[in-house]
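> Sharing query29.txt here; it has compact mmCIF, C-alpha atoms and all ligand atoms.
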```txt
# COMPACT_ATOMS: atom_id res chain seq x y z
CA MET A 1 -8.66 2.47 28.96
CA LYS A 2 -5.79 2.17 26.50
CA ILE A 3 -5.77 4.01 23.19
CA LEU A 4 -3.26 3.25 20.45
CA ILE A 5 -2.72 5.94 17.83
CA GLN A 6 -1.09 4.27 14.85
CA HIS A 7 1.11 5.54 12.04
CA GLY A 8 0.61 9.25 12.73
CA ARG A 9 3.00 12.03 11.81
CA VAL A 10 3.92 13.04 15.34
CA VAL A 11 4.98 16.66 15.75
CA HIS A 12 7.61 17.34 18.39
CA PRO A 13 7.56 21.12 18.71
CA VAL A 14 10.50 21.33 21.11
CA THR A 15 12.99 19.46 18.92
CA GLY A 16 11.37 20.76 15.75
CA THR A 17 10.89 17.30 14.28
CA VAL A 18 8.05 15.34 12.72
CA LEU A 19 8.39 11.56 13.18
CA LEU A 20 6.32 8.65 11.92
CA GLN A 21 5.39 7.11 15.26
CA ASP A 22 2.76 5.21 17.22
CA LEU A 23 1.53 6.44 20.53
CA LEU A 24 -0.04 4.53 23.41
CA ILE A 25 -2.24 6.30 25.93
CA GLU A 26 -2.71 4.55 29.25
CA ASP A 27 -4.39 5.94 32.39
CA GLY A 28 -4.74 9.30 30.67
CA LYS A 29 -1.03 9.63 30.06
CA ILE A 30 1.35 9.12 27.16
CA ALA A 31 2.72 5.67 28.04
CA LEU A 32 4.67 4.71 24.92
CA LEU A 33 5.87 6.59 21.88
CA ASP A 34 7.82 4.75 19.25
CA ARG A 35 7.91 3.41 15.73
CA GLY A 36 6.02 0.15 15.09
CA LEU A 37 4.54 -0.24 18.57
CA ASN A 38 3.05 -3.63 19.21
CA ALA A 39 0.73 -2.88 22.10
CA GLN A 40 -2.72 -4.13 23.10
CA ALA A 41 -5.33 -1.40 23.32
CA ASP A 42 -9.07 -0.96 23.87
CA LEU A 43 -9.24 1.43 20.97
CA VAL A 44 -7.02 1.86 17.92
CA ILE A 45 -7.02 5.16 16.05
CA PRO A 46 -5.58 4.67 12.56
CA ALA A 47 -3.72 7.91 11.97
CA SER A 48 -1.83 7.40 8.75
CA GLY A 49 -1.90 10.65 6.84
CA LEU A 50 -2.86 12.49 10.02
CA VAL A 51 -0.79 14.76 12.20
CA VAL A 52 -0.60 14.08 15.95
CA CYS A 53 0.56 16.94 18.13
CA PRO A 54 0.37 18.18 21.70
CA GLY A 55 -3.09 19.61 22.36
CA LEU A 56 -3.49 23.25 21.40
CA VAL A 57 -3.40 25.83 24.17
CA ASP A 58 -5.39 28.98 23.49
CA MET A 59 -4.34 31.67 25.93
CA HIS A 60 -6.84 34.35 24.85
CA VAL A 61 -10.47 33.23 25.02
CA HIS A 62 -13.63 35.03 26.13
CA LEU A 63 -15.97 32.41 27.61
CA ARG A 64 -18.47 35.15 28.67
CA ASP A 65 -19.47 33.22 31.79
CA PRO A 66 -20.60 34.58 34.27
CA GLY A 67 -23.17 37.08 33.17
CA LEU A 68 -22.92 37.28 29.40
CA THR A 69 -24.08 33.75 28.69
CA TYR A 70 -26.34 34.83 25.84
CA LYS A 71 -23.05 35.23 23.92
CA GLU A 72 -21.33 32.07 25.18
CA ASP A 73 -21.06 29.97 28.32
CA ILE A 74 -18.45 27.63 29.70
CA LEU A 75 -20.26 24.63 28.20
CA THR A 76 -20.51 25.96 24.66
CA GLY A 77 -17.14 27.69 24.83
CA THR A 78 -15.31 24.54 25.87
CA ALA A 79 -17.26 22.55 23.25
CA ALA A 80 -16.07 25.05 20.64
CA ALA A 81 -12.52 24.58 21.92
CA ALA A 82 -12.79 20.80 21.55
CA HIS A 83 -14.09 21.26 17.98
CA GLY A 84 -11.09 23.41 17.22
CA GLY A 85 -8.52 20.96 18.58
CA VAL A 86 -7.91 23.13 21.62
CA THR A 87 -7.34 21.17 24.85
CA SER A 88 -6.64 24.09 27.19
CA VAL A 89 -8.08 27.59 27.25
CA ALA A 90 -7.23 30.58 29.39
CA CYS A 91 -10.30 32.75 29.80
CA MET A 92 -10.37 36.50 30.12
CA ALA A 93 -11.79 38.42 33.05
CA ASN A 94 -14.14 40.84 31.23
CA THR A 95 -17.29 39.01 32.29
CA SER A 96 -20.20 40.29 34.37
CA PRO A 97 -19.29 40.49 37.18
CA VAL A 98 -15.63 40.93 36.33
CA VAL A 99 -13.30 38.17 37.51
CA ASP A 100 -11.67 40.36 40.15
CA SER A 101 -12.28 38.19 43.23
CA PRO A 102 -11.44 34.64 44.33
CA GLU A 103 -15.18 33.82 44.28
CA GLN A 104 -15.33 34.46 40.55
CA ILE A 105 -12.27 32.27 39.93
CA GLU A 106 -13.91 29.49 41.94
CA TYR A 107 -17.15 29.90 39.98
CA ILE A 108 -15.33 29.40 36.67
CA LEU A 109 -13.35 26.41 37.92
CA ASN A 110 -16.54 24.78 39.22
CA ARG A 111 -18.47 25.39 36.02
CA ALA A 112 -15.58 24.04 33.95
CA ARG A 113 -16.01 20.63 35.58
CA PHE A 114 -19.27 20.31 33.65
CA GLY A 115 -17.83 21.54 30.34
CA SER A 116 -16.57 19.51 27.39
CA GLY A 117 -13.56 18.28 29.34
CA VAL A 118 -11.20 20.87 27.90
CA HIS A 119 -9.06 22.45 30.63
CA VAL A 120 -10.10 25.94 31.66
CA TYR A 121 -7.57 28.27 33.28
CA PRO A 122 -9.06 31.52 34.56
CA ILE A 123 -7.28 34.85 34.29
CA GLY A 124 -7.88 37.40 37.05
CA ALA A 125 -8.38 41.11 36.45
CA VAL A 126 -5.58 43.64 36.92
CA SER A 127 -7.97 46.23 38.37
CA MET A 128 -11.27 46.02 40.24
CA GLY A 129 -14.14 46.04 37.73
CA LEU A 130 -11.57 46.65 34.94
CA ARG A 131 -11.93 50.29 35.88
CA GLY A 132 -8.21 50.93 36.00
CA GLU A 133 -8.37 52.57 39.41
CA GLU A 134 -7.79 50.05 42.17
CA PRO A 135 -5.63 46.93 41.83
CA THR A 136 -7.10 43.50 42.52
CA ASP A 137 -5.73 41.23 45.25
CA ALA A 138 -3.45 39.31 42.92
CA GLU A 139 -2.24 36.99 45.64
CA ALA A 140 -5.79 35.93 46.56
CA LEU A 141 -6.63 35.49 42.88
CA LYS A 142 -3.58 33.31 42.40
CA LYS A 143 -4.43 31.21 45.46
CA ALA A 144 -7.91 30.62 44.04
CA GLY A 145 -6.43 29.43 40.74
CA ALA A 146 -5.84 32.44 38.51
CA ILE A 147 -2.88 31.78 36.22
CA ALA A 148 -2.33 35.32 34.97
CA LEU A 149 -3.62 38.87 35.30
CA SER A 150 -5.29 40.92 32.58
CA ASP A 151 -7.74 43.77 32.07
CA ASP A 152 -8.16 42.60 28.47
CA GLY A 153 -10.90 44.42 26.65
CA CYS A 154 -9.61 47.57 28.34
CA ASN A 155 -6.25 49.26 28.20
CA VAL A 156 -4.70 49.98 31.60
CA ASP A 157 -4.32 53.71 31.05
CA ASN A 158 -2.89 54.46 34.47
CA ALA A 159 0.85 53.76 34.20
CA ASN A 160 1.31 54.01 37.94
CA LEU A 161 -1.29 51.30 38.54
CA MET A 162 0.29 49.12 35.86
CA ARG A 163 3.71 49.51 37.47
CA ASP A 164 2.35 48.60 40.92
CA VAL A 165 0.60 45.54 39.54
CA LEU A 166 3.74 44.44 37.68
CA ILE A 167 5.77 44.66 40.88
CA ARG A 168 3.22 42.41 42.64
CA ALA A 169 2.98 40.09 39.65
CA ARG A 170 6.73 39.64 39.61
CA ARG A 171 6.72 38.62 43.25
CA LEU A 172 3.91 36.15 42.54
CA ASP A 173 5.55 34.93 39.33
CA MET A 174 2.38 35.70 37.33
CA PRO A 175 2.44 36.98 33.75
CA VAL A 176 0.43 40.12 33.01
CA LEU A 177 -1.39 40.05 29.67
CA CYS A 178 -1.75 43.50 28.18
CA HIS A 179 -4.40 44.80 25.82
CA CYS A 180 -2.49 47.76 24.40
CA GLU A 181 -4.54 50.62 22.97
CA ASP A 182 -4.42 54.05 24.60
CA THR A 183 -8.08 54.71 25.48
CA SER A 184 -8.00 58.43 24.69
CA MET A 185 -7.02 57.62 21.11
CA VAL A 186 -9.54 54.84 20.42
CA GLU A 187 -12.61 55.37 22.58
CA GLY A 188 -15.85 55.16 20.59
CA ARG A 189 -14.05 54.37 17.33
CA ALA A 190 -14.72 51.27 15.28
CA VAL A 191 -12.02 50.84 12.62
CA ASN A 192 -8.34 51.40 11.90
CA GLU A 193 -7.36 55.00 11.21
CA GLY A 194 -6.45 55.06 7.54
CA SER A 195 -7.94 54.83 4.09
CA VAL A 196 -11.03 52.94 5.23
CA SER A 197 -11.84 55.29 8.10
CA ARG A 198 -11.45 58.21 5.68
CA GLN A 199 -13.68 56.56 3.07
CA LEU A 200 -16.37 56.03 5.69
CA TRP A 201 -15.93 59.48 7.25
CA LEU A 202 -15.19 57.89 10.62
CA GLU A 203 -12.62 58.71 13.24
CA GLY A 204 -10.24 55.75 13.40
CA ARG A 205 -8.19 53.84 15.97
CA PRO A 206 -4.62 54.74 15.01
CA ALA A 207 -1.82 52.18 15.01
CA ILE A 208 0.17 54.40 17.33
CA ALA A 209 -2.48 53.99 20.05
CA GLU A 210 -1.32 50.38 20.23
CA GLU A 211 2.38 51.00 19.68
CA LEU A 212 2.73 53.62 22.42
CA VAL A 213 1.36 51.25 25.04
CA VAL A 214 3.37 48.29 23.71
CA MET A 215 6.49 50.42 24.25
CA ARG A 216 5.30 51.62 27.66
CA ASP A 217 4.51 48.12 28.91
CA ALA A 218 7.79 46.73 27.54
CA MET A 219 9.64 49.47 29.43
CA LEU A 220 7.67 48.73 32.58
CA ALA A 221 8.61 45.07 32.18
CA GLU A 222 12.24 46.12 31.91
CA GLU A 223 12.00 48.28 34.99
CA THR A 224 10.08 45.87 37.21
CA GLY A 225 11.47 42.57 35.95
CA ALA A 226 7.89 41.31 35.60
CA HIS A 227 6.69 39.15 32.70
CA VAL A 228 4.66 41.26 30.30
CA HIS A 229 2.77 39.47 27.53
CA ILE A 230 1.32 41.67 24.79
CA CYS A 231 -2.08 40.49 23.58
CA HIS A 232 -3.24 40.46 19.95
CA VAL A 233 -0.38 42.34 18.27
CA SER A 234 -1.78 43.92 15.10
CA THR A 235 0.76 46.38 13.68
CA ALA A 236 4.14 46.05 12.00
CA ARG A 237 5.65 48.66 14.28
CA SER A 238 4.46 46.82 17.40
CA VAL A 239 6.37 43.80 16.10
CA ASP A 240 9.48 45.96 15.55
CA ILE A 241 9.26 47.41 19.05
CA ILE A 242 8.85 43.98 20.62
CA ARG A 243 11.73 42.58 18.57
CA LYS A 244 14.06 45.36 19.76
CA MET A 245 12.96 45.20 23.38
CA LYS A 246 13.31 41.41 23.48
CA LYS A 247 16.94 41.76 22.34
CA LYS A 248 17.60 43.61 25.59
CA GLY A 249 16.65 40.49 27.50
CA ILE A 250 13.39 41.86 28.86
CA HIS A 251 10.84 39.27 30.01
CA LEU A 252 8.48 40.08 27.18
CA THR A 253 6.32 37.79 25.06
CA CYS A 254 3.45 38.39 22.66
CA GLU A 255 0.68 36.87 20.61
CA THR A 256 -1.17 37.55 17.41
CA CYS A 257 -4.36 35.99 16.02
CA PRO A 258 -5.27 34.54 12.58
CA GLN A 259 -7.32 37.62 11.65
CA TYR A 260 -4.19 39.77 11.82
CA PHE A 261 -2.24 37.71 9.29
CA TRP A 262 -5.24 36.93 7.07
CA LEU A 263 -7.20 40.16 6.80
CA THR A 264 -6.82 43.90 6.31
CA GLU A 265 -9.02 46.88 7.12
CA ASP A 266 -10.57 46.54 3.63
CA GLU A 267 -12.69 43.75 5.09
CA ILE A 268 -14.75 46.44 6.83
CA LEU A 269 -15.94 47.69 3.43
CA THR A 270 -17.50 44.35 2.53
CA GLN A 271 -18.31 42.82 5.92
CA GLY A 272 -19.06 45.82 8.11
CA SER A 273 -19.50 45.05 11.80
CA MET A 274 -18.54 41.39 11.27
CA ALA A 275 -14.98 42.61 10.67
CA ARG A 276 -14.99 44.94 13.67
CA VAL A 277 -12.47 43.86 16.29
CA ASN A 278 -10.11 45.45 18.80
CA PRO A 279 -7.39 46.16 17.94
CA PRO A 280 -8.78 46.73 14.44
CA LEU A 281 -7.74 44.99 11.24
CA ARG A 282 -4.89 47.05 9.79
CA THR A 283 -3.08 47.39 6.44
CA SER A 284 -1.30 44.95 4.15
CA GLN A 285 2.01 46.40 5.40
CA ASP A 286 0.99 45.40 8.90
CA VAL A 287 0.09 41.89 7.74
CA LYS A 288 3.61 41.64 6.29
CA GLY A 289 5.10 42.75 9.61
CA ILE A 290 3.02 40.21 11.54
CA LEU A 291 4.14 37.43 9.18
CA ALA A 292 7.78 38.46 9.60
CA GLY A 293 7.35 38.46 13.39
CA LEU A 294 5.80 35.00 13.31
CA LYS A 295 8.60 33.66 11.16
CA ASP A 296 11.51 35.05 13.15
CA GLY A 297 9.99 34.13 16.52
CA THR A 298 9.33 37.68 17.72
CA ILE A 299 5.70 36.59 17.97
CA ASP A 300 5.63 33.69 20.42
CA VAL A 301 1.99 32.70 20.26
CA ILE A 302 -0.99 32.34 17.94
CA ALA A 303 -4.10 32.77 20.11
CA THR A 304 -7.67 33.33 18.95
CA ASP A 305 -9.09 36.21 21.01
CA HIS A 306 -12.31 34.17 20.63
CA ALA A 307 -14.87 36.91 21.29
CA PRO A 308 -18.43 35.67 20.73
CA HIS A 309 -21.31 38.14 20.35
CA SER A 310 -24.98 37.56 19.55
CA ALA A 311 -26.39 37.77 16.03
CA GLU A 312 -28.53 40.72 17.10
CA GLU A 313 -25.47 42.62 18.39
CA LYS A 314 -23.46 42.02 15.24
CA ALA A 315 -26.43 42.98 13.03
CA ARG A 316 -26.17 46.54 14.35
CA PRO A 317 -24.48 49.14 12.17
CA LEU A 318 -20.68 49.24 12.28
CA THR A 319 -20.41 52.06 14.81
CA LYS A 320 -22.96 50.48 17.19
CA ALA A 321 -21.91 46.81 17.08
CA PRO A 322 -19.55 45.33 19.69
CA SER A 323 -15.99 44.42 18.66
CA GLY A 324 -14.72 40.89 18.39
CA MET A 325 -14.92 37.69 16.40
CA VAL A 326 -15.06 34.00 17.29
CA GLY A 327 -11.97 31.94 16.55
CA LEU A 328 -11.76 28.66 18.44
CA GLU A 329 -13.21 26.54 15.64
CA THR A 330 -11.28 28.10 12.77
CA SER A 331 -7.88 28.97 14.21
CA LEU A 332 -5.96 25.79 13.35
CA ALA A 333 -7.40 25.57 9.84
CA LEU A 334 -6.72 29.25 9.12
CA THR A 335 -3.19 28.94 10.46
CA LEU A 336 -2.43 25.81 8.45
CA THR A 337 -3.92 27.34 5.31
CA GLY A 338 -2.22 30.70 5.76
CA LEU A 339 1.17 29.64 7.07
CA TYR A 340 1.81 25.95 6.42
CA HIS A 341 0.29 25.34 3.01
CA THR A 342 1.85 28.56 1.72
CA GLY A 343 5.29 27.31 2.80
CA LYS A 344 5.79 30.18 5.23
CA MET A 345 6.16 28.00 8.32
CA GLU A 346 6.82 24.37 9.21
CA LEU A 347 4.47 22.32 11.38
CA PRO A 348 6.67 22.22 14.52
CA ASP A 349 7.06 26.02 14.41
CA ILE A 350 3.30 26.41 14.15
CA ILE A 351 2.53 23.94 16.93
CA ARG A 352 5.11 25.61 19.18
CA ARG A 353 3.19 28.86 18.80
CA MET A 354 -0.19 27.22 19.36
CA SER A 355 0.76 24.86 22.19
CA THR A 356 4.24 24.85 23.74
CA ASN A 357 4.84 28.58 23.97
CA PRO A 358 1.47 29.56 25.44
CA ALA A 359 1.81 26.67 27.92
CA ASP A 360 5.25 27.90 28.97
CA ILE A 361 4.08 31.50 29.30
CA LEU A 362 1.25 30.42 31.61
CA HIS A 363 3.43 27.86 33.47
CA LEU A 364 1.19 24.98 32.40
CA PRO A 365 2.68 21.47 32.09
CA LYS A 366 1.43 21.22 28.49
CA GLY A 367 2.67 21.51 24.94
CA ARG A 368 5.10 18.60 24.89
CA MET A 369 5.16 15.08 23.49
CA SER A 370 6.93 13.15 26.19
CA LEU A 371 6.41 9.97 28.16
CA GLY A 372 4.39 10.28 31.34
CA VAL A 373 2.73 13.60 30.52
CA ALA A 374 -1.06 13.96 30.46
CA ALA A 375 -2.37 12.82 27.08
CA ASP A 376 -3.72 16.12 25.75
CA LEU A 377 -3.51 15.64 22.00
CA THR A 378 -4.82 17.08 18.79
CA ILE A 379 -5.07 14.88 15.71
CA PHE A 380 -5.73 16.60 12.40
CA ASP A 381 -5.76 15.96 8.68
CA PRO A 382 -3.48 18.67 7.29
CA ASP A 383 -4.80 18.23 3.76
CA GLN A 384 -8.55 17.94 4.16
CA GLU A 385 -10.34 20.86 2.56
CA TRP A 386 -13.53 22.36 3.91
CA THR A 387 -15.49 25.58 3.86
CA ILE A 388 -16.04 27.54 7.04
CA ASP A 389 -19.74 27.50 7.93
CA PRO A 390 -20.71 29.27 11.19
CA GLU A 391 -23.91 27.19 11.33
CA GLN A 392 -21.71 24.21 12.19
CA PHE A 393 -20.07 25.89 15.19
CA ALA A 394 -20.51 24.53 18.70
CA SER A 395 -20.01 28.09 19.92
CA LYS A 396 -23.06 30.29 20.48
CA GLY A 397 -21.16 32.97 18.58
CA ARG A 398 -21.45 32.91 14.80
CA ASN A 399 -19.60 36.17 14.37
CA THR A 400 -16.75 35.38 12.03
CA PRO A 401 -15.56 37.26 8.96
CA PHE A 402 -14.37 33.90 7.59
CA ALA A 403 -17.78 32.43 6.70
CA GLY A 404 -17.43 30.83 3.27
CA THR A 405 -13.62 30.80 3.39
CA GLN A 406 -12.06 27.64 1.93
CA VAL A 407 -9.47 26.18 4.26
CA LYS A 408 -7.17 23.18 4.29
CA GLY A 409 -6.63 21.27 7.54
CA ARG A 410 -9.30 19.66 9.67
CA VAL A 411 -9.39 18.52 13.27
CA LYS A 412 -10.21 14.80 13.50
CA TYR A 413 -9.81 14.05 17.21
CA THR A 414 -9.31 16.13 20.32
CA ILE A 415 -8.08 14.19 23.34
CA VAL A 416 -7.88 15.53 26.90
CA ASP A 417 -6.30 13.48 29.66
CA GLY A 418 -6.68 10.40 27.47
CA GLN A 419 -10.40 10.99 26.81
CA ILE A 420 -11.73 11.73 23.34
CA VAL A 421 -13.64 14.99 23.80
CA TYR A 422 -14.24 15.56 20.09
CA GLN A 423 -14.25 13.35 17.02
CA ASP A 424 -14.95 14.52 13.47
CA THR A 425 -17.59 12.35 11.87
N1 LIG A 501 -11.14 41.76 20.82
C1 LIG A 501 -12.32 42.31 20.83
O1 LIG A 501 -12.66 43.04 19.90
N2 LIG A 501 -13.19 42.13 21.84
C2 LIG A 501 -12.96 41.40 23.05
C3 LIG A 501 -12.11 42.14 24.01
C4 LIG A 501 -10.64 42.10 23.69
O2 LIG A 501 -10.06 41.01 23.50
O3 LIG A 501 -10.02 43.14 23.68
C5 LIG A 501 -14.31 41.09 23.69
O4 LIG A 501 -14.35 40.76 24.87
O5 LIG A 501 -15.32 41.14 22.98
ZN ZN A 502 -8.06 42.56 23.99
```
Let me see the file written as structure tokens.

Amino acid sequence: MKILIQHGRVVHPVTGTVLLQDLLIEDGKIALLDRGLNAQADLVIPASGLVVCPGLVDMHVHLRDPGLTYKEDILTGTAAAAHGGVTSVACMANTSPVVDSPEQIEYILNRARFGSGVHVYPIGAVSMGLRGEEPTDAEALKKAGAIALSDDGCNVDNANLMRDVLIRARRLDMPVLCHCEDTSMVEGRAVNEGSVSRQLWLEGRPAIAEELVVMRDAMLAEETGAHVHICHVSTARSVDIIRKMKKKGIHLTCETCPQYFWLTEDEILTQGSMARVNPPLRTSQDVKGILAGLKDGTIDVIATDHAPHSAEEKARPLTKAPSGMVGLETSLALTLTGLYHTGKMELPDIIRRMSTNPADILHLPKGRMSLGVAADLTIFDPDQEWTIDPEQFASKGRNTPFAGTQVKGRVKYTIVDGQIVYQDT
């Protein structure tokens, strides 16, 4: 099967260029890439006006399988990814049971073969049962196919355990993805500590609960030489800490998510539990800090933290509802609308953060437009406007605070290994 993609604006995130090019896919790989290609193909995709880029890599996804499949499963989660232009997902270990054994890794990899076709890369837990007491067998997890370690959903409170795991992870050349929020400061609390928590007479999750652990884990990375990746950075001071620590040459990377550059804690006042997420939505000062970090490269990655929950769970009152929001099907559009169409960032800089950088962090051979690589591609119309409607999601989760939001930028085709896994009709 040969596919010819004609007259697209091809984004090359590594060189930072956008070129008017044609692209031929043959045997699942990028076979030719040039201007005015004159090749025979079984299928021609006319892409004038469309952007063609390396498939998006989302390194923070909760697929909820095994055990929590009323929220999402590998089938619906990978379908949601395809809808969102995402060709590879890394899935978090906070399932039931927790992904803390090779058997669980194998289960996910097996199930993924019957998914939408999108690549699934499992992440193994840092500690058994995410309890923060006993480390997992990282070597066995890696052998089974785990690409990173994370207790995401939970902070690793025990610094000694974290240091031990980082020493092992360094030996195994595995990144450790850290959810940073000191448990003693956030347990049982639903929203940011600040004006909104005061208005609602609630105890809040203070910014410093995140920042203290960001600093701790950066220092542990410095000491152990391991690769620490900070998940879902949400505060301006976290960005400042990471910027300073990176200057010392520490192996430190980080991500943020669209909700942290689009929304503030005020969203809680109008949307209640739908806007509840960990770490919580913060202040407009924090949004400014996140934007600055994205622009200057302190923030390496835009991930989703796609965290589906059932309608019943999210209908509970704010203090009783689980935290998290879905993101796979809105992330590209929100990012284009918030960063590209506002002139804050150029396309190659955006695609680097949504494809090349996460691929590099996870050691995946993805995120590049070069000859001979697997044809994982996202094709989108940067200018098409649409309104976010959760009823249209392929995900089981409809929990988004962006319902009704007008966005600009729509996925047209998602291609994995040369196969069209999603096409906008
Ligand atoms: N972000 C969230 O609010 N929730 C995530 C866990 C996490 O990513 O920390 C979940 O698993 O629901
Ligand atoms: Zn988390």
> Around ligand ZN 502 (chain A), at most 9 Å away and counting all atoms listed in the file, which residues are there? Put them as a JSON list (two decimals) with C-alpha atoms, in the coordinates of the input, please.

```json
[["chain", "number", "residue", "atom", "x", "y", "z"],
["A", 60, "HIS", "CA", -6.84, 34.35, 24.85],
["A", 92, "MET", "CA", -10.37, 36.50, 30.12],
["A", 151, "ASP", "CA", -7.74, 43.77, 32.07],
["A", 152, "ASP", "CA", -8.16, 42.60, 28.47],
["A", 153, "GLY", "CA", -10.90, 44.42, 26.65],
["A", 154, "CYS", "CA", -9.61, 47.57, 28.34],
["A", 155, "ASN", "CA", -6.25, 49.26, 28.20],
["A", 178, "CYS", "CA", -1.75, 43.50, 28.18],
["A", 179, "HIS", "CA", -4.40, 44.80, 25.82],
["A", 180, "CYS", "CA", -2.49, 47.76, 24.40],
["A", 181, "GLU", "CA", -4.54, 50.62, 22.97],
["A", 231, "CYS", "CA", -2.08, 40.49, 23.58],
["A", 232, "HIS", "CA", -3.24, 40.46, 19.95],
["A", 277, "VAL", "CA", -12.47, 43.86, 16.29],
["A", 278, "ASN", "CA", -10.11, 45.45, 18.80],
["A", 279, "PRO", "CA", -7.39, 46.16, 17.94],
["A", 305, "ASP", "CA", -9.09, 36.21, 21.01],
["A", 324, "GLY", "CA", -14.72, 40.89, 18.39]]
```
> List as JSON, numbers by chain the protein and nucleic acid residues near Gly338 of chain A, meaning an atom at most 12 Å away when only C-alpha atoms are counted, but skip any in the same chain fewer than 3 places from it.
{"A": [257, 258, 259, 260, 261, 262, 263, 287, 291, 294, 330, 331, 332, 333, 334, 335, 341, 342, 343, 344, 345, 346, 350, 405, 406, 407, 408, 409]}
> Find, counting all atoms listed in the file, the residue in A:Ala93, A:Ala31, A:Ala303, A:Val165 that gets nearest to Cys254 of chain A.
A:Ala303
> Sort by chain and increasing residue number a table of all residues of segment 120-234 of chain A within 10 Å of segment 353-371 of chain A, each with its closest pair of atoms and their distance in Å to one decimal, counting all atoms listed in the file, and write it as CSV.

```
residue,atom,partner,partner_atom,distance
A:Tyr121,CA,A:Leu362,CA,9.2
A:Ile123,CA,A:Leu362,CA,10.0
A:Ile147,CA,A:Leu362,CA,6.3
A:Ala148,CA,A:Leu362,CA,6.9
A:Asp173,CA,A:His363,CA,9.4
A:Met174,CA,A:Leu362,CA,7.9
A:Pro175,CA,A:Leu362,CA,7.0
A:Val176,CA,A:Leu362,CA,9.8
A:His227,CA,A:Ile361,CA,8.8
A:Val228,CA,A:Ile361,CA,9.8
A:His229,CA,A:Ile361,CA,8.3
```
> Give me the residues near Leu202 of chain A as a PDB file with C-alpha atoms, in the frame of the given file, where near means some atom within 10 Å (using only C-alpha atoms) and where sequence neighbours in that chain fewer than 5 positions away do not count.

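Now in result-v2.pdb:
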```
ATOM      1  CA  ARG A 189     -14.050  54.370  17.330  1.00  0.00           C
ATOM      2  CA  ALA A 190     -14.720  51.270  15.280  1.00  0.00           C
ATOM      3  CA  VAL A 191     -12.020  50.840  12.620  1.00  0.00           C
ATOM      4  CA  ASN A 192      -8.340  51.400  11.900  1.00  0.00           C
ATOM      5  CA  GLU A 193      -7.360  55.000  11.210  1.00  0.00           C
ATOM      6  CA  GLY A 194      -6.450  55.060   7.540  1.00  0.00           C
ATOM      7  CA  VAL A 196     -11.030  52.940   5.230  1.00  0.00           C
ATOM      8  CA  SER A 197     -11.840  55.290   8.100  1.00  0.00           C
ATOM      9  CA  THR A 319     -20.410  52.060  14.810  1.00  0.00           C
TER      10      THR A 319
END
```
> So that I can check the surroundings of Thr283 of chain A, please list as an MDAnalysis selection string every protein, DNA and RNA residue that reaches within 8 Å of it, counting only C-alpha atoms and ignoring chain neighbours fewer than 3 positions away.
chainID A and resid 264:265 286:287
> Write the residues of the preceding selection, restricted to C-alpha atoms, as a compact mmCIF listing (two decimals), in the frame of the given file.

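To be explicit, this is the file written out as out.txt:
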```txt
# COMPACT_ATOMS: atom_id res chain seq x y z
CA THR A 264 -6.82 43.90 6.31
CA GLU A 265 -9.02 46.88 7.12
CA ASP A 286 0.99 45.40 8.90
CA VAL A 287 0.09 41.89 7.74
```
